[in-house]
Amino acid sequence: MSDLQTIVLGGGCFWCTEAVYVKVRGVTDVESGYSNGHVERPTYEQVCTGTTGHNEVVKLTYDPAQISVRQILEIFFLIHDPTTLNRQGNDTGTQYRSGIYYTTPQQKEVADEMFRQMNQDKVFGQPVVTEVLPVSNYWPAEEYHQDFFEKNPHQGYCMAVAAPKVAKFRKTFAELVKG
């Protein structure tokens with residue numbers, strides 16, 4: 001068995017991002033939280049003000065023997081818009097920015113290479129604005145945010161925003177869906 005690794009991703013609302021990654025083979029744990037801001041132990045209410053500098057993120061623990069950093073990031077770029085600064089759909093503010101927060105030099109190298117390639121190939125028709133930084137000041141979100149989609153699949157936001165992202169992942173990366 002290989003050693004597990006961690007990477008933190010900000011792709012807009014953490015409910016949507018978490019809803020996808022809990023279904024990914026090789027991802028052993030997904031935790032919604034806040035990172036890369038300046039407030040210690042921020043609350044959801046504080047982060048929503050946009051003044052903490054924190055991003056809504058998911059912390060992924062994964063087995064690199066089962067899934068690569070590249071595959072994790074390919075999913076990430078499929079399920080959110082990495083070209084909008086401080087916005088995902090109707091969610092606006094710095095807490096919804098696109099971010100890859102790495103814990104190893106290899107994760108940074110893979111992210112930087114993908115970033116360069118996508119911008120060079122104009123994959124999205126506009127420049128990718130995803131920030132690539134070391135994870136800092138991570139704090140887990142409140143318990144009611146954890147597994148939100150799983151606990152509330154018929155909630156309006158989940159049906160309108162999260163469910164289509166899960167379906168898109170399942171269709172595009174069928175070989176990576178947990179059995």
# chains A, B, ... in the order shown; residues from 1 in each chain; ligands from 1
>>> residues_around(residues="Phe77 in chain A", least_positions_apart="4", cutoff="12 Å", atoms="only C-alpha atoms", output="PyMOL selection string")
chain A and resi 9-12+17+70-73+81-83+98-100+111+114-115+118+123-124+128-130+165+168-169+172
>>> residues_around(residues="Gly53 in chain A", least_positions_apart="3", cutoff="12 Å", atoms="only C-alpha atoms", output="PyMOL selection string")
chain A and resi 34-40+42+46-50+56+86+93-97+136-138
>>> write_last_selection(atoms="C-alpha atoms", output="compact mmCIF listing (two decimals), in the first residue's frame")
# COMPACT_ATOMS: atom_id res chain seq x y z
CA TYR A 34 -11.67 26.96 4.10
CA SER A 35 -8.09 27.76 3.15
CA ASN A 36 -5.55 30.33 2.10
CA GLY A 37 -7.02 33.22 4.07
CA HIS A 38 -5.76 35.26 6.99
CA VAL A 39 -8.33 34.55 9.74
CA GLU A 40 -7.65 31.75 12.21
CA PRO A 42 -12.93 31.02 10.21
CA GLN A 46 -17.12 35.02 8.20
CA VAL A 47 -15.98 33.45 4.92
CA CYS A 48 -19.24 34.49 3.22
CA THR A 49 -18.41 38.15 3.88
CA GLY A 50 -15.46 37.84 1.50
CA GLU A 56 -14.33 27.42 0.03
CA ASN A 86 -13.81 35.07 -7.99
CA GLY A 93 -16.71 36.63 -4.22
CA THR A 94 -13.13 35.69 -3.43
CA GLN A 95 -14.38 32.67 -1.48
CA TYR A 96 -15.43 31.09 -4.81
CA ARG A 97 -12.12 31.54 -6.64
CA SER A 136 -2.09 27.55 4.11
CA ASN A 137 -4.33 28.22 7.09
CA TYR A 138 -6.73 25.37 6.29
>>> closest_atom_pairs(of="range 41-117 of chain A", to="range 150-157 of chain A", cutoff="12 Å", atoms="only C-alpha atoms", output="Markdown table")
| residue | atom | partner | partner_atom | distance |
| --- | --- | --- | --- | --- |
| A:Gly89 | CA | A:Tyr157 | CA | 11.6 |
| A:Asn90 | CA | A:Tyr157 | CA | 10.9 |
| A:Asp91 | CA | A:Tyr157 | CA | 11.2 |
>>> atom_distance(atom1="CA of Ala174 in chain A", atom2="CA of Lys23 in chain A")
10.4 Å
>>> residues_around(residues="Val27 in chain A", least_positions_apart="5", cutoff="8 Å", atoms="only C-alpha atoms", output="VMD selection string")
chain A and resid 21 to 22 60 to 63 67
>>> atom_distance(atom1="CA of His145 in chain A", atom2="CA of Asp3 in chain A")
27.5 Å
>>> select_by_dssp(residues="chain A", states="helix (DSSP H, G or I)", output="CSV table (one decimal) with N, CA and C atoms, in the first residue's frame")
chain,number,residue,atom,x,y,z
A,14,PHE,N,-18.2,24.5,-2.1
A,14,PHE,CA,-17.6,23.2,-1.7
A,14,PHE,C,-18.6,22.1,-1.7
A,15,TRP,N,-19.9,22.3,-1.7
A,15,TRP,CA,-20.9,21.3,-1.7
A,15,TRP,C,-20.8,20.5,-3.1
A,16,CYS,N,-20.6,21.3,-4.1
A,16,CYS,CA,-20.5,20.7,-5.5
A,16,CYS,C,-19.3,19.9,-5.7
A,17,THR,N,-18.2,20.5,-5.3
A,17,THR,CA,-16.9,19.9,-5.5
A,17,THR,C,-16.8,18.6,-4.7
A,18,GLU,N,-17.2,18.6,-3.4
A,18,GLU,CA,-17.3,17.5,-2.6
A,18,GLU,C,-18.2,16.4,-3.2
A,19,ALA,N,-19.3,16.7,-3.7
A,19,ALA,CA,-20.3,15.8,-4.3
A,19,ALA,C,-19.6,14.9,-5.4
A,20,VAL,N,-18.7,15.5,-6.1
A,20,VAL,CA,-18.0,14.8,-7.2
A,20,VAL,C,-16.9,13.9,-6.6
A,21,TYR,N,-16.0,14.5,-5.8
A,21,TYR,CA,-14.8,13.7,-5.3
A,21,TYR,C,-15.1,12.6,-4.4
A,44,TYR,N,-18.2,29.8,8.5
A,44,TYR,CA,-18.9,30.0,7.2
A,44,TYR,C,-19.4,31.4,7.1
A,45,GLU,N,-20.0,31.9,8.1
A,45,GLU,CA,-20.5,33.3,8.1
A,45,GLU,C,-19.4,34.3,7.8
A,46,GLN,N,-18.3,34.1,8.4
A,46,GLN,CA,-17.1,35.0,8.2
A,46,GLN,C,-16.6,34.9,6.8
A,47,VAL,N,-16.5,33.7,6.3
A,47,VAL,CA,-16.0,33.5,4.9
A,47,VAL,C,-16.9,34.0,3.9
A,48,CYS,N,-18.2,33.9,4.1
A,48,CYS,CA,-19.2,34.5,3.2
A,48,CYS,C,-19.1,36.0,3.1
A,69,VAL,N,-2.3,12.7,-9.6
A,69,VAL,CA,-2.6,14.1,-9.4
A,69,VAL,C,-3.2,14.6,-10.7
A,70,ARG,N,-2.7,14.2,-11.8
A,70,ARG,CA,-3.2,14.7,-13.1
A,70,ARG,C,-4.7,14.3,-13.3
A,71,GLN,N,-5.0,13.1,-12.9
A,71,GLN,CA,-6.4,12.7,-13.0
A,71,GLN,C,-7.3,13.5,-12.1
A,72,ILE,N,-6.8,13.7,-10.9
A,72,ILE,CA,-7.6,14.5,-9.9
A,72,ILE,C,-7.8,15.9,-10.5
A,73,LEU,N,-6.8,16.5,-11.1
A,73,LEU,CA,-6.9,17.8,-11.7
A,73,LEU,C,-7.7,17.9,-13.0
A,74,GLU,N,-7.7,16.8,-13.8
A,74,GLU,CA,-8.5,16.7,-15.0
A,74,GLU,C,-10.0,16.8,-14.6
A,75,ILE,N,-10.3,16.1,-13.5
A,75,ILE,CA,-11.7,16.1,-13.0
A,75,ILE,C,-12.0,17.5,-12.5
A,76,PHE,N,-11.1,18.1,-11.8
A,76,PHE,CA,-11.3,19.5,-11.3
A,76,PHE,C,-11.6,20.5,-12.4
A,77,PHE,N,-10.8,20.4,-13.5
A,77,PHE,CA,-11.0,21.3,-14.6
A,77,PHE,C,-12.3,21.0,-15.4
A,78,LEU,N,-12.8,19.8,-15.3
A,78,LEU,CA,-14.1,19.5,-15.9
A,78,LEU,C,-15.3,20.0,-15.2
A,79,ILE,N,-15.2,20.0,-13.8
A,79,ILE,CA,-16.4,20.3,-13.0
A,79,ILE,C,-16.6,21.8,-12.6
A,94,THR,N,-14.4,36.4,-3.5
A,94,THR,CA,-13.1,35.7,-3.4
A,94,THR,C,-13.2,34.3,-2.9
A,95,GLN,N,-14.2,34.0,-2.1
A,95,GLN,CA,-14.4,32.7,-1.5
A,95,GLN,C,-14.8,31.6,-2.5
A,96,TYR,N,-15.1,32.0,-3.7
A,96,TYR,CA,-15.4,31.1,-4.8
A,96,TYR,C,-14.4,31.0,-5.9
A,105,PRO,N,5.8,19.2,-3.9
A,105,PRO,CA,6.3,19.9,-5.1
A,105,PRO,C,5.8,19.2,-6.4
A,106,GLN,N,5.6,17.9,-6.3
A,106,GLN,CA,5.1,17.2,-7.5
A,106,GLN,C,3.7,17.7,-7.9
A,107,GLN,N,2.8,17.9,-6.9
A,107,GLN,CA,1.5,18.4,-7.2
A,107,GLN,C,1.6,19.8,-7.9
A,108,LYS,N,2.5,20.6,-7.4
A,108,LYS,CA,2.7,21.9,-8.1
A,108,LYS,C,3.2,21.8,-9.5
A,109,GLU,N,4.1,20.9,-9.7
A,109,GLU,CA,4.6,20.7,-11.1
A,109,GLU,C,3.5,20.3,-12.0
A,110,VAL,N,2.7,19.3,-11.6
A,110,VAL,CA,1.6,18.8,-12.5
A,110,VAL,C,0.6,19.9,-12.7
A,111,ALA,N,0.3,20.7,-11.7
A,111,ALA,CA,-0.7,21.8,-11.9
A,111,ALA,C,-0.1,22.8,-12.8
A,112,ASP,N,1.1,23.2,-12.6
A,112,ASP,CA,1.7,24.3,-13.5
A,112,ASP,C,1.8,23.8,-14.9
A,113,GLU,N,2.1,22.5,-15.1
A,113,GLU,CA,2.2,22.0,-16.5
A,113,GLU,C,0.8,22.0,-17.2
A,114,MET,N,-0.2,21.5,-16.4
A,114,MET,CA,-1.5,21.5,-17.0
A,114,MET,C,-2.0,23.0,-17.3
A,115,PHE,N,-1.7,23.9,-16.4
A,115,PHE,CA,-2.1,25.3,-16.5
A,115,PHE,C,-1.5,25.8,-17.8
A,116,ARG,N,-0.2,25.6,-18.0
A,116,ARG,CA,0.5,26.1,-19.2
A,116,ARG,C,-0.1,25.5,-20.4
A,117,GLN,N,-0.3,24.2,-20.4
A,117,GLN,CA,-0.8,23.5,-21.6
A,117,GLN,C,-2.2,24.0,-22.0
A,118,MET,N,-3.1,24.2,-21.0
A,118,MET,CA,-4.5,24.6,-21.2
A,118,MET,C,-4.5,26.0,-21.8
A,119,ASN,N,-3.7,26.9,-21.2
A,119,ASN,CA,-3.6,28.3,-21.8
A,119,ASN,C,-3.0,28.3,-23.2
A,120,GLN,N,-2.0,27.5,-23.4
A,120,GLN,CA,-1.3,27.4,-24.7
A,120,GLN,C,-2.3,26.9,-25.8
A,121,ASP,N,-3.1,25.9,-25.4
A,121,ASP,CA,-4.0,25.3,-26.3
A,121,ASP,C,-5.4,26.0,-26.4
A,143,GLU,N,-19.8,21.1,10.6
A,143,GLU,CA,-20.3,19.7,10.4
A,143,GLU,C,-21.5,19.7,9.4
A,144,TYR,N,-22.4,20.7,9.4
A,144,TYR,CA,-23.5,20.6,8.5
A,144,TYR,C,-23.1,20.8,7.0
A,145,HIS,N,-21.9,21.2,6.8
A,145,HIS,CA,-21.4,21.3,5.4
A,145,HIS,C,-20.8,20.0,4.9
A,148,PHE,N,-22.8,17.4,2.3
A,148,PHE,CA,-24.0,18.1,2.2
A,148,PHE,C,-24.9,17.5,1.0
A,149,PHE,N,-24.3,17.3,-0.1
A,149,PHE,CA,-25.1,16.7,-1.2
A,149,PHE,C,-25.7,15.4,-0.9
A,150,GLU,N,-24.9,14.5,-0.3
A,150,GLU,CA,-25.4,13.2,0.1
A,150,GLU,C,-26.5,13.3,1.0
A,151,LYS,N,-26.5,14.2,2.0
A,151,LYS,CA,-27.5,14.4,3.0
A,151,LYS,C,-28.7,15.2,2.5
A,156,GLY,N,-32.7,22.5,-3.5
A,156,GLY,CA,-32.7,23.2,-4.8
A,156,GLY,C,-31.3,23.4,-5.4
A,157,TYR,N,-30.4,23.9,-4.6
A,157,TYR,CA,-29.0,24.2,-5.1
A,157,TYR,C,-28.4,22.9,-5.5
A,158,CYS,N,-28.5,21.8,-4.7
A,158,CYS,CA,-27.9,20.5,-5.0
A,158,CYS,C,-28.5,20.0,-6.3
A,159,MET,N,-29.8,20.1,-6.5
A,159,MET,CA,-30.4,19.6,-7.7
A,159,MET,C,-30.0,20.4,-9.0
A,160,ALA,N,-29.9,21.7,-8.8
A,160,ALA,CA,-29.6,22.6,-10.0
A,160,ALA,C,-28.1,22.6,-10.3
A,161,VAL,N,-27.3,22.6,-9.3
A,161,VAL,CA,-25.8,22.8,-9.5
A,161,VAL,C,-25.0,21.6,-9.3
A,162,ALA,N,-25.1,21.0,-8.2
A,162,ALA,CA,-24.2,19.8,-7.8
A,162,ALA,C,-24.5,18.6,-8.6
A,163,ALA,N,-25.8,18.2,-8.8
A,163,ALA,CA,-26.2,17.0,-9.5
A,163,ALA,C,-25.7,17.0,-10.9
A,164,PRO,N,-25.8,18.1,-11.7
A,164,PRO,CA,-25.2,18.0,-13.0
A,164,PRO,C,-23.7,17.8,-13.1
A,165,LYS,N,-23.0,18.4,-12.1
A,165,LYS,CA,-21.6,18.2,-12.0
A,165,LYS,C,-21.2,16.7,-11.8
A,166,VAL,N,-22.0,16.1,-10.9
A,166,VAL,CA,-21.7,14.7,-10.6
A,166,VAL,C,-22.0,13.9,-11.8
A,167,ALA,N,-23.1,14.2,-12.5
A,167,ALA,CA,-23.4,13.5,-13.8
A,167,ALA,C,-22.3,13.6,-14.8
A,168,LYS,N,-21.8,14.8,-15.0
A,168,LYS,CA,-20.8,15.1,-16.0
A,168,LYS,C,-19.5,14.3,-15.6
A,169,PHE,N,-19.2,14.3,-14.4
A,169,PHE,CA,-18.0,13.5,-14.0
A,169,PHE,C,-18.2,12.0,-14.3
A,170,ARG,N,-19.4,11.5,-13.9
A,170,ARG,CA,-19.7,10.1,-14.1
A,170,ARG,C,-19.6,9.7,-15.6
A,171,LYS,N,-20.1,10.6,-16.5
A,171,LYS,CA,-20.1,10.4,-17.9
A,171,LYS,C,-18.7,10.5,-18.5
A,172,THR,N,-17.9,11.5,-18.1
A,172,THR,CA,-16.6,11.7,-18.7
A,172,THR,C,-15.5,10.8,-18.1
A,174,ALA,N,-15.9,7.7,-16.4
A,174,ALA,CA,-16.6,6.5,-15.9
A,174,ALA,C,-15.6,5.5,-15.3
A,175,GLU,N,-14.4,5.4,-15.8
A,175,GLU,CA,-13.4,4.5,-15.3
A,175,GLU,C,-12.9,4.9,-13.9
A,176,LEU,N,-13.2,6.1,-13.5
A,176,LEU,CA,-12.7,6.5,-12.2
A,176,LEU,C,-13.8,6.6,-11.1
>>> closest_residue(among="A:Arg25, A:Arg41, A:His54, A:Lys178", to="Tyr101 in chain A", atoms="only C-alpha atoms")
A:His54
